[in-house]
file structure_15.cif (mmCIF, C-alpha atoms and all ligand atoms; chains and numbers go by the auth columns)
data_entry
#
loop_
_atom_site.group_PDB
_atom_site.id
_atom_site.type_symbol
_atom_site.label_atom_id
_atom_site.label_comp_id
_atom_site.label_asym_id
_atom_site.label_seq_id
_atom_site.Cartn_x
_atom_site.Cartn_y
_atom_site.Cartn_z
_atom_site.B_iso_or_equiv
_atom_site.auth_seq_id
_atom_site.auth_asym_id
ATOM 1 C CA MET A 1 0.000 0.000 0.000 0.00 39 A
ATOM 2 C CA ARG A 2 1.521 3.302 -1.119 0.00 40 A
ATOM 3 C CA CYS A 3 2.228 5.872 1.588 0.00 41 A
ATOM 4 C CA PRO A 4 -0.188 8.803 1.135 0.00 42 A
ATOM 5 C CA PHE A 5 2.460 11.227 2.452 0.00 43 A
ATOM 6 C CA CYS A 6 5.623 10.431 0.522 0.00 44 A
ATOM 7 C CA GLY A 7 4.557 7.894 -2.120 0.00 45 A
ATOM 8 C CA ASN A 8 6.789 5.111 -0.851 0.00 46 A
ATOM 9 C CA VAL A 9 5.178 1.772 -1.759 0.00 47 A
ATOM 10 C CA ASP A 10 6.950 -0.272 0.894 0.00 48 A
ATOM 11 C CA THR A 11 4.799 0.412 3.971 0.00 49 A
ATOM 12 C CA GLN A 12 4.307 -1.886 6.931 0.00 50 A
ATOM 13 C CA VAL A 13 1.212 -3.147 8.720 0.00 51 A
ATOM 14 C CA LYS A 14 1.561 -2.482 12.433 0.00 52 A
ATOM 15 C CA ASP A 15 -1.767 -3.746 13.641 0.00 53 A
ATOM 16 C CA SER A 16 -4.850 -5.503 12.199 0.00 54 A
ATOM 17 C CA ARG A 17 -8.140 -5.891 13.946 0.00 55 A
ATOM 18 C CA PRO A 18 -11.775 -6.569 13.080 0.00 56 A
ATOM 19 C CA ALA A 19 -13.985 -3.512 12.693 0.00 57 A
ATOM 20 C CA GLU A 20 -17.656 -2.763 12.046 0.00 58 A
ATOM 21 C CA ASP A 21 -18.846 -5.943 13.670 0.00 59 A
ATOM 22 C CA HIS A 22 -16.344 -8.080 11.779 0.00 60 A
ATOM 23 C CA VAL A 23 -17.434 -6.874 8.362 0.00 61 A
ATOM 24 C CA ALA A 24 -14.147 -5.046 7.906 0.00 62 A
ATOM 25 C CA ILE A 25 -10.518 -5.333 8.952 0.00 63 A
ATOM 26 C CA ARG A 26 -8.845 -2.147 10.126 0.00 64 A
ATOM 27 C CA ARG A 27 -5.110 -1.945 9.555 0.00 65 A
ATOM 28 C CA ARG A 28 -2.723 0.593 11.058 0.00 66 A
ATOM 29 C CA ARG A 29 0.132 1.166 8.649 0.00 67 A
ATOM 30 C CA PHE A 30 3.528 2.739 9.040 0.00 68 A
ATOM 31 C CA CYS A 31 5.831 4.180 6.416 0.00 69 A
ATOM 32 C CA PRO A 32 9.500 3.562 7.251 0.00 70 A
ATOM 33 C CA ALA A 33 10.585 6.147 4.671 0.00 71 A
ATOM 34 C CA CYS A 34 8.848 9.189 6.168 0.00 72 A
ATOM 35 C CA GLY A 35 7.561 7.924 9.496 0.00 73 A
ATOM 36 C CA GLY A 36 3.960 8.568 8.416 0.00 74 A
ATOM 37 C CA ARG A 37 1.102 6.566 9.887 0.00 75 A
ATOM 38 C CA PHE A 38 -2.241 5.862 8.234 0.00 76 A
ATOM 39 C CA THR A 39 -5.191 3.487 8.435 0.00 77 A
ATOM 40 C CA THR A 40 -6.762 1.263 5.797 0.00 78 A
ATOM 41 C CA TYR A 41 -9.929 -0.801 5.831 0.00 79 A
ATOM 42 C CA GLU A 42 -10.368 -4.099 4.104 0.00 80 A
ATOM 43 C CA ARG A 43 -13.870 -5.267 3.140 0.00 81 A
ATOM 44 C CA VAL A 44 -15.382 -7.965 1.025 0.00 82 A
ATOM 45 C CA GLN A 45 -16.659 -6.500 -2.219 0.00 83 A
ATOM 46 C CA LEU A 46 -20.128 -7.744 -2.905 0.00 84 A
ATOM 47 C CA ARG A 47 -19.619 -7.742 -6.659 0.00 85 A
ATOM 48 C CA ASP A 48 -16.757 -10.160 -6.199 0.00 86 A
ATOM 49 C CA LEU A 49 -18.835 -12.780 -4.418 0.00 87 A
ATOM 50 C CA VAL A 50 -19.209 -15.923 -6.464 0.00 88 A
ATOM 51 C CA VAL A 51 -21.962 -18.464 -5.997 0.00 89 A
ATOM 52 C CA VAL A 52 -20.771 -22.030 -6.363 0.00 90 A
ATOM 53 C CA LYS A 53 -23.665 -24.276 -7.314 0.00 91 A
ATOM 54 C CA SER A 54 -23.970 -27.908 -6.314 0.00 92 A
ATOM 55 C CA ASN A 55 -22.950 -29.013 -9.827 0.00 93 A
ATOM 56 C CA GLY A 56 -19.787 -26.945 -9.481 0.00 94 A
ATOM 57 C CA ARG A 57 -20.918 -24.177 -11.790 0.00 95 A
ATOM 58 C CA ARG A 58 -19.953 -20.689 -10.670 0.00 96 A
ATOM 59 C CA GLU A 59 -21.721 -17.430 -11.223 0.00 97 A
ATOM 60 C CA ASP A 60 -21.524 -13.911 -9.863 0.00 98 A
ATOM 61 C CA PHE A 61 -23.683 -13.275 -6.858 0.00 99 A
ATOM 62 C CA ASP A 62 -26.758 -11.269 -7.822 0.00 100 A
ATOM 63 C CA ARG A 63 -28.568 -9.522 -5.008 0.00 101 A
ATOM 64 C CA ASP A 64 -31.619 -8.842 -7.174 0.00 102 A
ATOM 65 C CA LYS A 65 -31.998 -12.512 -7.940 0.00 103 A
ATOM 66 C CA LEU A 66 -31.833 -13.370 -4.258 0.00 104 A
ATOM 67 C CA GLU A 67 -34.401 -10.695 -3.519 0.00 105 A
ATOM 68 C CA ARG A 68 -36.787 -12.019 -6.175 0.00 106 A
ATOM 69 C CA SER A 69 -36.642 -15.551 -4.750 0.00 107 A
ATOM 70 C CA ILE A 70 -37.412 -14.243 -1.299 0.00 108 A
ATOM 71 C CA ARG A 71 -40.257 -12.033 -2.477 0.00 109 A
ATOM 72 C CA ILE A 72 -41.770 -15.000 -4.321 0.00 110 A
ATOM 73 C CA ALA A 73 -41.756 -17.030 -1.109 0.00 111 A
ATOM 74 C CA LEU A 74 -43.350 -14.116 0.727 0.00 112 A
ATOM 75 C CA GLN A 75 -46.036 -13.436 -1.870 0.00 113 A
ATOM 76 C CA LYS A 76 -49.349 -12.412 -0.266 0.00 114 A
ATOM 77 C CA ARG A 77 -47.929 -12.866 3.219 0.00 115 A
ATOM 78 C CA PRO A 78 -48.622 -10.165 5.799 0.00 116 A
ATOM 79 C CA VAL A 79 -45.028 -9.063 6.174 0.00 117 A
ATOM 80 C CA GLU A 80 -44.112 -5.404 5.980 0.00 118 A
ATOM 81 C CA PRO A 81 -41.873 -4.466 3.047 0.00 119 A
ATOM 82 C CA GLU A 82 -39.411 -2.773 5.420 0.00 120 A
ATOM 83 C CA ARG A 83 -38.924 -6.038 7.273 0.00 121 A
ATOM 84 C CA VAL A 84 -38.260 -7.824 4.011 0.00 122 A
ATOM 85 C CA ASP A 85 -35.672 -5.204 3.029 0.00 123 A
ATOM 86 C CA GLN A 86 -34.061 -5.518 6.431 0.00 124 A
ATOM 87 C CA MET A 87 -33.961 -9.264 6.141 0.00 125 A
ATOM 88 C CA ILE A 88 -32.359 -9.163 2.695 0.00 126 A
ATOM 89 C CA SER A 89 -29.739 -6.651 3.847 0.00 127 A
ATOM 90 C CA GLY A 90 -29.039 -8.880 6.814 0.00 128 A
ATOM 91 C CA ILE A 91 -28.576 -11.908 4.571 0.00 129 A
ATOM 92 C CA VAL A 92 -26.224 -9.991 2.275 0.00 130 A
ATOM 93 C CA ARG A 93 -24.198 -8.738 5.246 0.00 131 A
ATOM 94 C CA ARG A 94 -23.868 -12.271 6.506 0.00 132 A
ATOM 95 C CA LEU A 95 -22.679 -13.451 3.109 0.00 133 A
ATOM 96 C CA GLU A 96 -20.176 -10.615 2.961 0.00 134 A
ATOM 97 C CA SER A 97 -18.812 -11.409 6.380 0.00 135 A
ATOM 98 C CA LEU A 98 -18.280 -15.126 5.715 0.00 136 A
ATOM 99 C CA GLY A 99 -14.707 -14.193 4.846 0.00 137 A
ATOM 100 C CA ASP A 100 -14.622 -16.144 1.600 0.00 138 A
ATOM 101 C CA THR A 101 -15.715 -14.801 -1.763 0.00 139 A
ATOM 102 C CA ASP A 102 -16.727 -18.279 -2.984 0.00 140 A
ATOM 103 C CA ILE A 103 -20.059 -19.162 -1.438 0.00 141 A
ATOM 104 C CA PRO A 104 -21.799 -22.497 -1.979 0.00 142 A
ATOM 105 C CA SER A 105 -25.417 -21.977 -3.094 0.00 143 A
ATOM 106 C CA LYS A 106 -26.307 -24.374 -0.280 0.00 144 A
ATOM 107 C CA THR A 107 -24.986 -21.902 2.280 0.00 145 A
ATOM 108 C CA ILE A 108 -27.085 -19.119 0.768 0.00 146 A
ATOM 109 C CA GLY A 109 -30.177 -21.326 0.822 0.00 147 A
ATOM 110 C CA GLU A 110 -29.641 -22.200 4.458 0.00 148 A
ATOM 111 C CA ILE A 111 -29.175 -18.584 5.495 0.00 149 A
ATOM 112 C CA VAL A 112 -32.314 -17.610 3.587 0.00 150 A
ATOM 113 C CA MET A 113 -34.329 -20.383 5.258 0.00 151 A
ATOM 114 C CA GLU A 114 -33.084 -19.390 8.661 0.00 152 A
ATOM 115 C CA SER A 115 -34.048 -15.776 8.060 0.00 153 A
ATOM 116 C CA LEU A 116 -37.465 -16.620 6.603 0.00 154 A
ATOM 117 C CA ALA A 117 -38.195 -18.923 9.529 0.00 155 A
ATOM 118 C CA ARG A 118 -37.827 -15.965 11.841 0.00 156 A
ATOM 119 C CA ILE A 119 -40.277 -13.702 10.036 0.00 157 A
ATOM 120 C CA ASP A 120 -42.906 -15.918 8.420 0.00 158 A
ATOM 121 C CA THR A 121 -43.519 -19.635 8.828 0.00 159 A
ATOM 122 C CA VAL A 122 -45.548 -20.050 5.663 0.00 160 A
ATOM 123 C CA ALA A 123 -42.900 -18.375 3.531 0.00 161 A
ATOM 124 C CA TYR A 124 -40.286 -20.526 5.199 0.00 162 A
ATOM 125 C CA VAL A 125 -42.169 -23.726 4.401 0.00 163 A
ATOM 126 C CA ARG A 126 -42.717 -22.629 0.806 0.00 164 A
ATOM 127 C CA PHE A 127 -39.069 -21.844 0.359 0.00 165 A
ATOM 128 C CA ALA A 128 -37.774 -24.890 2.197 0.00 166 A
ATOM 129 C CA SER A 129 -39.986 -27.424 0.425 0.00 167 A
ATOM 130 C CA VAL A 130 -38.940 -26.266 -3.003 0.00 168 A
ATOM 131 C CA TYR A 131 -35.363 -25.610 -1.982 0.00 169 A
ATOM 132 C CA LYS A 132 -34.891 -29.147 -0.738 0.00 170 A
ATOM 133 C CA ASN A 133 -35.606 -30.474 -4.200 0.00 171 A
ATOM 134 C CA PHE A 134 -33.483 -27.993 -6.065 0.00 172 A
ATOM 135 C CA GLN A 135 -30.671 -27.079 -3.711 0.00 173 A
ATOM 136 C CA ALA A 136 -30.293 -23.714 -5.320 0.00 174 A
ATOM 137 C CA VAL A 137 -31.951 -20.385 -4.835 0.00 175 A
ATOM 138 C CA GLU A 138 -31.827 -19.698 -8.549 0.00 176 A
ATOM 139 C CA ASP A 139 -33.532 -22.943 -9.420 0.00 177 A
ATOM 140 C CA PHE A 140 -36.246 -22.129 -6.940 0.00 178 A
ATOM 141 C CA GLU A 141 -36.945 -18.896 -8.724 0.00 179 A
ATOM 142 C CA ASP A 142 -37.012 -20.592 -12.118 0.00 180 A
ATOM 143 C CA PHE A 143 -39.314 -23.249 -10.782 0.00 181 A
ATOM 144 C CA VAL A 144 -41.812 -20.833 -9.339 0.00 182 A
ATOM 145 C CA SER A 145 -41.850 -18.622 -12.396 0.00 183 A
ATOM 146 C CA GLU A 146 -42.755 -21.660 -14.478 0.00 184 A
ATOM 147 C CA LEU A 147 -45.648 -22.470 -12.170 0.00 185 A
ATOM 148 C CA ARG A 148 -47.480 -19.238 -12.435 0.00 186 A
ATOM 149 C CA PRO A 149 -48.425 -17.208 -15.459 0.00 187 A
ATOM 150 C CA ARG A 150 -46.668 -13.872 -15.644 0.00 188 A
ATOM 151 C CA SER A 151 -47.773 -12.168 -12.484 0.00 189 A
ATOM 152 C CA PRO A 152 -48.287 -8.440 -12.708 0.00 190 A
ATOM 153 C CA VAL A 153 -45.006 -7.118 -11.398 0.00 191 A
ATOM 154 C CA ASP A 154 -44.913 -3.699 -9.812 0.00 192 A
ATOM 155 C CA PRO A 155 -43.767 -1.486 -12.701 0.00 193 A
ATOM 156 C CA GLY A 156 -42.788 1.293 -10.317 0.00 194 A
ATOM 157 C CA GLU A 157 -39.126 0.330 -10.096 0.00 195 A
HETATM 158 ZN ZN ZN B . 5.914 7.851 3.682 0.00 201 A
#

call {"tool": "encode", "arguments": {"input": "structure_15.cif", "output": "structure tokens", "more": "lines below"}}
Ligand SMILES: [Zn+2]
result
Amino acid sequence: MRCPFCGNVDTQVKDSRPAEDHVAIRRRRFCPACGGRFTTYERVQLRDLVVVKSNGRREDFDRDKLERSIRIALQKRPVEPERVDQMISGIVRRLESLGDTDIPSKTIGEIVMESLARIDTVAYVRFASVYKNFQAVEDFEDFVSELRPRSPVDPGE
């Protein structure tokens, strides 16, 4: 990491510790050339997360896709939209803080089921019953979209 004071690229890490509830690593750095001290933060980049499916196929994590699967499971359930947003953000934060950018689709499915179980039993059962057969969030979405004729999607977004 280049020193922001003198431009020297050979700086040293003096101290590393978890920050922001373990979502980031805070590093204190020292520049031996000029004696300058500075701090850097290391975070998982969401766009770099890769979903590893059970057949070994890999694809970039897509938050929108995850959100659609969850909203399908929650269709017509009396759950406030804010709670759903909160839940999805929580799931994404958990994925980001796993510490590995390669995430098995199974892990995502389990986290989703756990989260759904806490907010709506019916949605949980819907998701879990289909998920068990397909072992992939994406497949669940495909499956459900085949079942129902094009539902009127909110055009507002
Ligand atoms: Zn320096």

call {"tool": "closest_atom_pairs", "arguments": {"input": "structure_15.cif", "of": "range 41-109 of chain A", "to": "range 136-142 of chain A", "cutoff": "8 Å", "atoms": "only C-alpha atoms", "output": "CSV"}}
result
residue,atom,partner,partner_atom,distance
A:Val82,CA,A:Gly137,CA,7.3
A:Asp86,CA,A:Thr139,CA,6.5
A:Leu87,CA,A:Thr139,CA,4.6
A:Val88,CA,A:Asp140,CA,4.9
A:Val89,CA,A:Ile141,CA,5.0
A:Val90,CA,A:Pro142,CA,4.5
A:Lys91,CA,A:Pro142,CA,5.9
A:Ser92,CA,A:Pro142,CA,7.3

call {"tool": "residues_near_ligand", "arguments": {"input": "structure_15.cif", "ligand": "ligand ZN 201 (chain A)", "cutoff": "10 Å", "atoms": "only C-alpha atoms and all ligand atoms", "output": "PyMOL selection string"}}
result
chain A and resi 40-49+68-76

call {"tool": "closest_residue", "arguments": {"input": "structure_15.cif", "among": "A:Glu80, A:Ser143, A:Arg67, A:Glu58", "to": "Glu97 in chain A", "atoms": "all atoms listed in the file"}}
result
A:Ser143

call {"tool": "closest_residue", "arguments": {"input": "structure_15.cif", "among": "A:Arg164, A:Arg156, A:His60, A:Arg95", "to": "Ile110 in chain A", "atoms": "only C-alpha atoms"}}
result
A:Arg164

call {"tool": "closest_residue", "arguments": {"input": "structure_15.cif", "among": "A:Leu133, A:Val61, A:Val150, A:Met39", "to": "Glu105 in chain A", "atoms": "all atoms listed in the file"}}
result
A:Val150

call {"tool": "decode", "arguments": {"input": "structure_15.cif", "residues": "range 115-159 of chain A", "atoms": "N, CA and C atoms", "output": "CSV table (one decimal), in the first residue's frame"}}
result
chain,number,residue,atom,x,y,z
A,115,ARG,N,-48.1,-12.7,1.8
A,115,ARG,CA,-47.9,-12.9,3.2
A,115,ARG,C,-47.9,-11.5,3.9
A,116,PRO,N,-48.5,-11.5,5.1
A,116,PRO,CA,-48.6,-10.2,5.8
A,116,PRO,C,-47.3,-9.7,6.5
A,117,VAL,N,-46.3,-9.5,5.6
A,117,VAL,CA,-45.0,-9.1,6.2
A,117,VAL,C,-44.7,-7.7,5.6
A,118,GLU,N,-44.4,-6.8,6.4
A,118,GLU,CA,-44.1,-5.4,6.0
A,118,GLU,C,-42.9,-5.4,5.1
A,119,PRO,N,-43.0,-4.6,4.0
A,119,PRO,CA,-41.9,-4.5,3.0
A,119,PRO,C,-40.6,-4.1,3.7
A,120,GLU,N,-40.7,-3.2,4.7
A,120,GLU,CA,-39.4,-2.8,5.4
A,120,GLU,C,-38.7,-4.0,6.1
A,121,ARG,N,-39.5,-4.9,6.6
A,121,ARG,CA,-38.9,-6.0,7.3
A,121,ARG,C,-38.2,-6.9,6.2
A,122,VAL,N,-38.9,-7.0,5.1
A,122,VAL,CA,-38.3,-7.8,4.0
A,122,VAL,C,-36.9,-7.2,3.6
A,123,ASP,N,-36.9,-5.9,3.4
A,123,ASP,CA,-35.7,-5.2,3.0
A,123,ASP,C,-34.6,-5.4,4.1
A,124,GLN,N,-35.0,-5.3,5.3
A,124,GLN,CA,-34.1,-5.5,6.4
A,124,GLN,C,-33.5,-6.9,6.4
A,125,MET,N,-34.4,-7.9,6.2
A,125,MET,CA,-34.0,-9.3,6.1
A,125,MET,C,-32.9,-9.5,5.0
A,126,ILE,N,-33.3,-9.0,3.8
A,126,ILE,CA,-32.4,-9.2,2.7
A,126,ILE,C,-31.0,-8.5,3.0
A,127,SER,N,-31.0,-7.3,3.5
A,127,SER,CA,-29.7,-6.7,3.8
A,127,SER,C,-29.0,-7.5,4.9
A,128,GLY,N,-29.7,-8.0,5.8
A,128,GLY,CA,-29.0,-8.9,6.8
A,128,GLY,C,-28.4,-10.1,6.2
A,129,ILE,N,-29.1,-10.7,5.3
A,129,ILE,CA,-28.6,-11.9,4.6
A,129,ILE,C,-27.3,-11.5,3.8
A,130,VAL,N,-27.4,-10.4,3.1
A,130,VAL,CA,-26.2,-10.0,2.3
A,130,VAL,C,-25.0,-9.7,3.2
A,131,ARG,N,-25.3,-9.0,4.3
A,131,ARG,CA,-24.2,-8.7,5.2
A,131,ARG,C,-23.6,-10.0,5.8
A,132,ARG,N,-24.4,-11.0,6.0
A,132,ARG,CA,-23.9,-12.3,6.5
A,132,ARG,C,-23.0,-12.9,5.4
A,133,LEU,N,-23.5,-12.9,4.2
A,133,LEU,CA,-22.7,-13.5,3.1
A,133,LEU,C,-21.3,-12.7,3.0
A,134,GLU,N,-21.4,-11.4,3.1
A,134,GLU,CA,-20.2,-10.6,3.0
A,134,GLU,C,-19.2,-10.9,4.1
A,135,SER,N,-19.7,-11.2,5.2
A,135,SER,CA,-18.8,-11.4,6.4
A,135,SER,C,-18.4,-12.9,6.6
A,136,LEU,N,-18.7,-13.7,5.6
A,136,LEU,CA,-18.3,-15.1,5.7
A,136,LEU,C,-16.8,-15.2,5.6
A,137,GLY,N,-16.2,-14.2,4.9
A,137,GLY,CA,-14.7,-14.2,4.8
A,137,GLY,C,-14.2,-14.9,3.6
A,138,ASP,N,-15.0,-15.5,2.8
A,138,ASP,CA,-14.6,-16.1,1.6
A,138,ASP,C,-15.5,-15.6,0.5
A,139,THR,N,-14.9,-15.3,-0.7
A,139,THR,CA,-15.7,-14.8,-1.8
A,139,THR,C,-16.5,-15.9,-2.5
A,140,ASP,N,-16.0,-17.2,-2.4
A,140,ASP,CA,-16.7,-18.3,-3.0
A,140,ASP,C,-17.7,-18.8,-2.0
A,141,ILE,N,-19.0,-18.7,-2.4
A,141,ILE,CA,-20.1,-19.2,-1.4
A,141,ILE,C,-20.9,-20.3,-2.1
A,142,PRO,N,-21.0,-21.4,-1.4
A,142,PRO,CA,-21.8,-22.5,-2.0
A,142,PRO,C,-23.3,-22.0,-2.0
A,143,SER,N,-24.0,-22.4,-3.0
A,143,SER,CA,-25.4,-22.0,-3.1
A,143,SER,C,-26.2,-22.6,-1.9
A,144,LYS,N,-25.7,-23.7,-1.4
A,144,LYS,CA,-26.3,-24.4,-0.3
A,144,LYS,C,-26.3,-23.5,1.0
A,145,THR,N,-25.1,-22.8,1.1
A,145,THR,CA,-25.0,-21.9,2.3
A,145,THR,C,-26.0,-20.8,2.2
A,146,ILE,N,-26.1,-20.2,1.0
A,146,ILE,CA,-27.1,-19.1,0.8
A,146,ILE,C,-28.5,-19.6,1.1
A,147,GLY,N,-28.8,-20.8,0.6
A,147,GLY,CA,-30.2,-21.3,0.8
A,147,GLY,C,-30.4,-21.5,2.3
A,148,GLU,N,-29.4,-22.0,3.0
A,148,GLU,CA,-29.6,-22.2,4.5
A,148,GLU,C,-29.8,-20.9,5.2
A,149,ILE,N,-29.0,-19.9,4.8
A,149,ILE,CA,-29.2,-18.6,5.5
A,149,ILE,C,-30.5,-18.0,5.2
A,150,VAL,N,-31.0,-18.1,3.9
A,150,VAL,CA,-32.3,-17.6,3.6
A,150,VAL,C,-33.4,-18.3,4.4
A,151,MET,N,-33.3,-19.6,4.5
A,151,MET,CA,-34.3,-20.4,5.3
A,151,MET,C,-34.4,-20.0,6.7
A,152,GLU,N,-33.2,-19.8,7.3
A,152,GLU,CA,-33.1,-19.4,8.7
A,152,GLU,C,-33.8,-18.0,8.9
A,153,SER,N,-33.5,-17.1,7.9
A,153,SER,CA,-34.0,-15.8,8.1
A,153,SER,C,-35.6,-15.8,7.9
A,154,LEU,N,-36.0,-16.5,6.9
A,154,LEU,CA,-37.5,-16.6,6.6
A,154,LEU,C,-38.2,-17.2,7.8
A,155,ALA,N,-37.6,-18.2,8.4
A,155,ALA,CA,-38.2,-18.9,9.5
A,155,ALA,C,-38.5,-17.9,10.6
A,156,ARG,N,-37.6,-16.9,10.8
A,156,ARG,CA,-37.8,-16.0,11.8
A,156,ARG,C,-38.9,-15.0,11.5
A,157,ILE,N,-39.3,-14.7,10.3
A,157,ILE,CA,-40.3,-13.7,10.0
A,157,ILE,C,-41.6,-14.3,9.5
A,158,ASP,N,-41.6,-15.4,8.9
A,158,ASP,CA,-42.9,-15.9,8.4
A,158,ASP,C,-42.8,-17.4,8.2
A,159,THR,N,-43.6,-18.2,8.9
A,159,THR,CA,-43.5,-19.6,8.8
A,159,THR,C,-44.0,-20.2,7.5
